[in-house]
Amino acid sequence: MTASALIAALEHLIDWPTVYSGNLGSKDPEYPYVLVTAGFPQASERSQARTVQAREARIRTTIAGFTQDSILQVAGAVVDSLEGARPSVPGWVVGRVEGVPNGQPIQTDDDVVVPNFGHPMYLVLDWVATASQLPG
């Protein structure tokens, strides 16, 4: 399973607001939005012969908006969409997506200035899912 395949599956689970994947780069995003990123899934369980039995994927959703209330509203929608969901990734059986507490508060993004507004705010939510490859 690649990180991009998992991200694509997760993007389809979140139906509001606009979802971006990876890195915004030079995109001019539509606020509010959710940025979904994931690292390469790492081996989490091995057989006695040391072959990989399952992989753990760490996922991060960054919610950006203009007000604390809008971010909390979007965060509620993201949690409703992802918590307990089982994304469909071809060739893999993916377990339930689970939220991982990170203790991060809503923050102001001092590196970004939106014309006619100022600095947007963001909230980071972390997730984990375990997956096993189907025989084939």
# chains A, B, ... in the order shown; residues from 1 in each chain; ligands from 1
call {"tool": "closest_atom_pairs", "arguments": {"of": "stretch 28-95 of chain A", "to": "stretch 103-117 of chain A", "cutoff": "9 Å", "atoms": "only C-alpha atoms", "output": "JSON lines"}}
result
{"residue": "A:Ala64", "atom": "CA", "partner": "A:Asp109", "partner_atom": "CA", "distance": 8.9}
{"residue": "A:Phe66", "atom": "CA", "partner": "A:Phe117", "partner_atom": "CA", "distance": 8.1}
{"residue": "A:Gln68", "atom": "CA", "partner": "A:Ile106", "partner_atom": "CA", "distance": 7.2}
{"residue": "A:Ile71", "atom": "CA", "partner": "A:Ile106", "partner_atom": "CA", "distance": 8.1}
{"residue": "A:Leu72", "atom": "CA", "partner": "A:Ile106", "partner_atom": "CA", "distance": 8.9}
call {"tool": "select_by_dssp", "arguments": {"residues": "chain A", "states": "helix (DSSP H, G or I)", "output": "compact mmCIF listing (two decimals) with N, CA, C and O atoms, in the first residue's frame"}}
result
# COMPACT_ATOMS: atom_id res chain seq x y z
N ALA A 3 1.35 5.44 0.31
CA ALA A 3 0.72 6.56 1.00
C ALA A 3 -0.28 7.25 0.09
O ALA A 3 -1.36 7.64 0.52
N SER A 4 0.05 7.37 -1.20
CA SER A 4 -0.87 8.06 -2.12
C SER A 4 -2.17 7.29 -2.31
O SER A 4 -3.24 7.89 -2.43
N ALA A 5 -2.12 5.95 -2.32
CA ALA A 5 -3.35 5.16 -2.45
C ALA A 5 -4.21 5.33 -1.21
O ALA A 5 -5.44 5.44 -1.31
N LEU A 6 -3.60 5.37 -0.04
CA LEU A 6 -4.36 5.56 1.19
C LEU A 6 -4.96 6.96 1.24
O LEU A 6 -6.13 7.13 1.58
N ILE A 7 -4.19 7.97 0.87
CA ILE A 7 -4.70 9.34 0.86
C ILE A 7 -5.89 9.45 -0.08
O ILE A 7 -6.90 10.06 0.25
N ALA A 8 -5.78 8.87 -1.27
CA ALA A 8 -6.88 8.92 -2.23
C ALA A 8 -8.14 8.29 -1.64
O ALA A 8 -9.25 8.81 -1.80
N ALA A 9 -7.98 7.16 -0.94
CA ALA A 9 -9.13 6.50 -0.32
C ALA A 9 -9.73 7.37 0.78
O ALA A 9 -10.96 7.45 0.91
N LEU A 10 -8.90 8.04 1.55
CA LEU A 10 -9.40 8.90 2.62
C LEU A 10 -10.08 10.14 2.08
O LEU A 10 -11.08 10.61 2.63
N GLU A 11 -9.55 10.69 0.98
CA GLU A 11 -10.16 11.87 0.38
C GLU A 11 -11.61 11.60 -0.01
O GLU A 11 -12.46 12.48 0.10
N HIS A 12 -11.90 10.39 -0.45
CA HIS A 12 -13.26 10.05 -0.86
C HIS A 12 -14.21 9.93 0.33
O HIS A 12 -15.42 9.97 0.15
N LEU A 13 -13.66 9.77 1.52
CA LEU A 13 -14.50 9.66 2.71
C LEU A 13 -14.94 11.02 3.24
O LEU A 13 -15.96 11.14 3.90
N GLN A 68 -12.27 30.27 14.44
CA GLN A 68 -12.24 29.09 15.29
C GLN A 68 -13.52 28.28 15.12
O GLN A 68 -13.47 27.05 15.05
N ASP A 69 -14.65 28.96 15.01
CA ASP A 69 -15.92 28.25 14.84
C ASP A 69 -15.96 27.46 13.54
O ASP A 69 -16.43 26.32 13.52
N SER A 70 -15.46 28.04 12.44
CA SER A 70 -15.48 27.30 11.16
C SER A 70 -14.55 26.08 11.23
O SER A 70 -14.89 25.02 10.70
N ILE A 71 -13.42 26.22 11.89
CA ILE A 71 -12.50 25.10 12.02
C ILE A 71 -13.13 23.99 12.86
O ILE A 71 -13.03 22.81 12.51
N LEU A 72 -13.79 24.35 13.94
CA LEU A 72 -14.45 23.34 14.77
C LEU A 72 -15.57 22.64 14.03
O LEU A 72 -15.78 21.43 14.18
N GLN A 73 -16.29 23.38 13.20
CA GLN A 73 -17.36 22.78 12.39
C GLN A 73 -16.77 21.78 11.39
O GLN A 73 -17.27 20.67 11.24
N VAL A 74 -15.71 22.16 10.71
CA VAL A 74 -15.06 21.27 9.76
C VAL A 74 -14.44 20.08 10.49
O VAL A 74 -14.54 18.93 10.03
N ALA A 75 -13.82 20.32 11.65
CA ALA A 75 -13.22 19.23 12.42
C ALA A 75 -14.28 18.19 12.78
O ALA A 75 -14.03 16.98 12.70
N GLY A 76 -15.47 18.65 13.14
CA GLY A 76 -16.56 17.72 13.43
C GLY A 76 -16.92 16.87 12.24
O GLY A 76 -17.12 15.65 12.35
N ALA A 77 -16.96 17.49 11.05
CA ALA A 77 -17.26 16.75 9.83
C ALA A 77 -16.15 15.75 9.50
O ALA A 77 -16.43 14.62 9.07
N VAL A 78 -14.90 16.13 9.69
CA VAL A 78 -13.77 15.24 9.41
C VAL A 78 -13.79 14.06 10.37
O VAL A 78 -13.63 12.90 9.95
N VAL A 79 -14.01 14.32 11.65
CA VAL A 79 -14.07 13.23 12.63
C VAL A 79 -15.23 12.28 12.30
O VAL A 79 -15.06 11.06 12.31
N ASP A 80 -16.39 12.84 11.96
CA ASP A 80 -17.54 12.01 11.59
C ASP A 80 -17.23 11.15 10.36
O ASP A 80 -17.69 10.02 10.25
N SER A 81 -16.44 11.68 9.43
CA SER A 81 -16.11 10.96 8.19
C SER A 81 -15.04 9.89 8.38
O SER A 81 -15.10 8.83 7.76
N LEU A 82 -14.05 10.16 9.24
CA LEU A 82 -12.90 9.27 9.33
C LEU A 82 -12.91 8.30 10.52
O LEU A 82 -12.49 7.15 10.37
call {"tool": "residues_around", "arguments": {"residues": "A:Gly136", "least_positions_apart": "5", "cutoff": "12 Å", "atoms": "only C-alpha atoms", "output": "list of chain:residue names"}}
result
A:Pro90, A:Gly91, A:Trp92
call {"tool": "write_last_selection", "arguments": {"atoms": "N, CA and C atoms", "output": "short mmCIF file (atom, residue, chain, number, x, y, z; two decimals), in the first residue's frame"}}
result
data_model
loop_
_atom_site.label_atom_id
_atom_site.label_comp_id
_atom_site.auth_asym_id
_atom_site.auth_seq_id
_atom_site.Cartn_x
_atom_site.Cartn_y
_atom_site.Cartn_z
N PRO A 90 -7.36 -0.89 -3.14
CA PRO A 90 -7.22 -2.13 -3.91
C PRO A 90 -6.02 -2.97 -3.46
N GLY A 91 -6.26 -4.28 -3.24
CA GLY A 91 -5.20 -5.20 -2.86
C GLY A 91 -4.91 -5.24 -1.37
N TRP A 92 -5.66 -4.50 -0.58
CA TRP A 92 -5.41 -4.41 0.86
C TRP A 92 -6.71 -4.51 1.64
#
call {"tool": "closest_residue", "arguments": {"among": "A:Ala129, A:Val124, A:Leu24, A:Ala49", "to": "A:Val94", "atoms": "only C-alpha atoms"}}
result
A:Ala129
call {"tool": "select_by_dssp", "arguments": {"residues": "chain A", "states": "strand (DSSP E)", "output": "MDAnalysis selection string"}}
result
chainID A and resid 18:21 33:38 42:46 52:65 92:94 98:100 107:108 121:133
call {"tool": "closest_residue", "arguments": {"among": "A:Val97, A:Pro29, A:Arg50, A:Ala85", "to": "A:Pro120", "atoms": "only C-alpha atoms"}}
result
A:Pro29
call {"tool": "atom_distance", "arguments": {"atom1": "atom CA of A:Asp28", "atom2": "atom CA of A:Leu123"}}
result
18.7 Å
call {"tool": "closest_residue", "arguments": {"among": "A:Gln133, A:Glu30, A:Met121, A:Ser44", "to": "A:Pro17", "atoms": "only C-alpha atoms"}}
result
A:Glu30
call {"tool": "residues_around", "arguments": {"residues": "A:Glu98", "least_positions_apart": "5", "cutoff": "7 Å", "atoms": "only C-alpha atoms", "output": "VMD selection string"}}
result
chain A and resid 83 to 84 127 to 129
call {"tool": "write_last_selection", "arguments": {"atoms": "all heavy atoms", "output": "CSV table (one decimal), in the first residue's frame"}}
result
chain,number,residue,atom,x,y,z
A,83,GLU,N,-13.4,8.7,11.7
A,83,GLU,CA,-13.3,7.9,12.9
A,83,GLU,C,-14.1,6.6,12.6
A,83,GLU,O,-15.3,6.6,12.4
A,83,GLU,CB,-13.8,8.6,14.1
A,83,GLU,CG,-13.7,7.8,15.4
A,83,GLU,CD,-12.2,7.7,15.8
A,83,GLU,OE1,-11.5,8.6,15.8
A,83,GLU,OE2,-11.9,6.5,16.2
A,84,GLY,N,-13.4,5.5,12.7
A,84,GLY,CA,-14.1,4.2,12.5
A,84,GLY,C,-14.3,3.8,11.1
A,84,GLY,O,-14.7,2.7,10.8
A,127,TRP,N,-4.3,10.5,12.7
A,127,TRP,CA,-5.0,9.3,12.6
A,127,TRP,C,-4.1,8.1,12.4
A,127,TRP,O,-2.9,8.3,11.9
A,127,TRP,CB,-6.0,9.4,11.4
A,127,TRP,CG,-6.8,10.6,11.4
A,127,TRP,CD1,-6.5,11.9,10.9
A,127,TRP,CD2,-8.1,10.8,12.0
A,127,TRP,NE1,-7.5,12.7,11.2
A,127,TRP,CE2,-8.5,12.1,11.8
A,127,TRP,CE3,-8.9,9.9,12.7
A,127,TRP,CZ2,-9.7,12.6,12.3
A,127,TRP,CZ3,-10.2,10.3,13.1
A,127,TRP,CH2,-10.5,11.7,12.9
A,128,VAL,N,-4.5,6.9,12.6
A,128,VAL,CA,-3.8,5.7,12.3
A,128,VAL,C,-4.7,4.7,11.8
A,128,VAL,O,-5.9,4.6,12.2
A,128,VAL,CB,-3.0,5.2,13.6
A,128,VAL,CG1,-4.0,4.8,14.7
A,128,VAL,CG2,-2.0,4.2,13.3
A,129,ALA,N,-4.2,3.9,10.9
A,129,ALA,CA,-4.9,2.7,10.3
A,129,ALA,C,-4.0,1.6,10.1
A,129,ALA,O,-2.8,1.8,9.7
A,129,ALA,CB,-5.7,3.1,9.0
call {"tool": "atom_distance", "arguments": {"atom1": "atom CA of A:Gly95", "atom2": "atom CA of A:Arg58"}}
result
12.6 Å
call {"tool": "atom_distance", "arguments": {"atom1": "atom CA of A:Asp126", "atom2": "atom CA of A:Tyr20"}}
result
15.8 Å
call {"tool": "decode", "arguments": {"residues": "stretch 72-101 of chain A", "atoms": "N, CA, C and O atoms", "output": "compact mmCIF listing (two decimals), in the first residue's frame"}}
result
# COMPACT_ATOMS: atom_id res chain seq x y z
N LEU A 72 -13.79 24.35 13.94
CA LEU A 72 -14.45 23.34 14.77
C LEU A 72 -15.57 22.64 14.03
O LEU A 72 -15.78 21.43 14.18
N GLN A 73 -16.29 23.38 13.20
CA GLN A 73 -17.36 22.78 12.39
C GLN A 73 -16.77 21.78 11.39
O GLN A 73 -17.27 20.67 11.24
N VAL A 74 -15.71 22.16 10.71
CA VAL A 74 -15.06 21.27 9.76
C VAL A 74 -14.44 20.08 10.49
O VAL A 74 -14.54 18.93 10.03
N ALA A 75 -13.82 20.32 11.65
CA ALA A 75 -13.22 19.23 12.42
C ALA A 75 -14.28 18.19 12.78
O ALA A 75 -14.03 16.98 12.70
N GLY A 76 -15.47 18.65 13.14
CA GLY A 76 -16.56 17.72 13.43
C GLY A 76 -16.92 16.87 12.24
O GLY A 76 -17.12 15.65 12.35
N ALA A 77 -16.96 17.49 11.05
CA ALA A 77 -17.26 16.75 9.83
C ALA A 77 -16.15 15.75 9.50
O ALA A 77 -16.43 14.62 9.07
N VAL A 78 -14.90 16.13 9.69
CA VAL A 78 -13.77 15.24 9.41
C VAL A 78 -13.79 14.06 10.37
O VAL A 78 -13.63 12.90 9.95
N VAL A 79 -14.01 14.32 11.65
CA VAL A 79 -14.07 13.23 12.63
C VAL A 79 -15.23 12.28 12.30
O VAL A 79 -15.06 11.06 12.31
N ASP A 80 -16.39 12.84 11.96
CA ASP A 80 -17.54 12.01 11.59
C ASP A 80 -17.23 11.15 10.36
O ASP A 80 -17.69 10.02 10.25
N SER A 81 -16.44 11.68 9.43
CA SER A 81 -16.11 10.96 8.19
C SER A 81 -15.04 9.89 8.38
O SER A 81 -15.10 8.83 7.76
N LEU A 82 -14.05 10.16 9.24
CA LEU A 82 -12.90 9.27 9.33
C LEU A 82 -12.91 8.30 10.52
O LEU A 82 -12.49 7.15 10.37
N GLU A 83 -13.36 8.75 11.68
CA GLU A 83 -13.30 7.89 12.86
C GLU A 83 -14.10 6.61 12.64
O GLU A 83 -15.30 6.64 12.40
N GLY A 84 -13.42 5.48 12.68
CA GLY A 84 -14.06 4.19 12.51
C GLY A 84 -14.29 3.76 11.07
O GLY A 84 -14.73 2.65 10.81
N ALA A 85 -13.96 4.64 10.12
CA ALA A 85 -14.15 4.30 8.70
C ALA A 85 -13.15 3.24 8.27
O ALA A 85 -12.06 3.12 8.85
N ARG A 86 -13.51 2.47 7.27
CA ARG A 86 -12.61 1.45 6.71
C ARG A 86 -12.41 1.79 5.24
O ARG A 86 -13.19 1.38 4.39
N PRO A 87 -11.35 2.54 4.91
CA PRO A 87 -11.12 2.94 3.53
C PRO A 87 -10.87 1.74 2.62
O PRO A 87 -10.33 0.72 3.05
N SER A 88 -11.28 1.87 1.39
CA SER A 88 -11.10 0.81 0.40
C SER A 88 -9.86 1.11 -0.44
O SER A 88 -9.82 2.09 -1.19
N VAL A 89 -8.84 0.26 -0.29
CA VAL A 89 -7.60 0.39 -1.05
C VAL A 89 -7.40 -0.92 -1.80
O VAL A 89 -7.30 -1.97 -1.17
N PRO A 90 -7.36 -0.89 -3.14
CA PRO A 90 -7.22 -2.13 -3.91
C PRO A 90 -6.02 -2.97 -3.46
O PRO A 90 -4.92 -2.45 -3.29
N GLY A 91 -6.26 -4.28 -3.24
CA GLY A 91 -5.20 -5.20 -2.86
C GLY A 91 -4.91 -5.24 -1.37
O GLY A 91 -4.01 -5.96 -0.94
N TRP A 92 -5.66 -4.50 -0.58
CA TRP A 92 -5.41 -4.41 0.86
C TRP A 92 -6.71 -4.51 1.64
O TRP A 92 -7.77 -4.13 1.16
N VAL A 93 -6.61 -5.00 2.86
CA VAL A 93 -7.69 -4.95 3.82
C VAL A 93 -7.27 -3.91 4.85
O VAL A 93 -6.26 -4.10 5.55
N VAL A 94 -8.01 -2.83 4.91
CA VAL A 94 -7.65 -1.73 5.80
C VAL A 94 -8.58 -1.76 7.01
O VAL A 94 -9.80 -1.81 6.86
N GLY A 95 -7.98 -1.73 8.20
CA GLY A 95 -8.77 -1.69 9.43
C GLY A 95 -9.37 -0.31 9.64
O GLY A 95 -9.23 0.60 8.82
N ARG A 96 -10.03 -0.17 10.74
CA ARG A 96 -10.69 1.10 11.06
C ARG A 96 -9.68 2.22 11.28
O ARG A 96 -8.64 2.02 11.89
N VAL A 97 -10.04 3.39 10.78
CA VAL A 97 -9.24 4.59 11.02
C VAL A 97 -9.56 5.05 12.44
O VAL A 97 -10.72 5.12 12.83
N GLU A 98 -8.50 5.33 13.21
CA GLU A 98 -8.67 5.76 14.59
C GLU A 98 -7.95 7.07 14.83
O GLU A 98 -6.80 7.24 14.41
N GLY A 99 -8.62 7.99 15.51
CA GLY A 99 -7.99 9.25 15.88
C GLY A 99 -6.93 9.03 16.93
O GLY A 99 -7.07 8.19 17.81
N VAL A 100 -5.83 9.79 16.82
CA VAL A 100 -4.73 9.72 17.79
C VAL A 100 -4.63 11.10 18.44
O VAL A 100 -4.36 12.09 17.75
N PRO A 101 -4.86 11.19 19.75
CA PRO A 101 -4.76 12.50 20.42
C PRO A 101 -3.37 13.10 20.23
O PRO A 101 -2.36 12.41 20.34
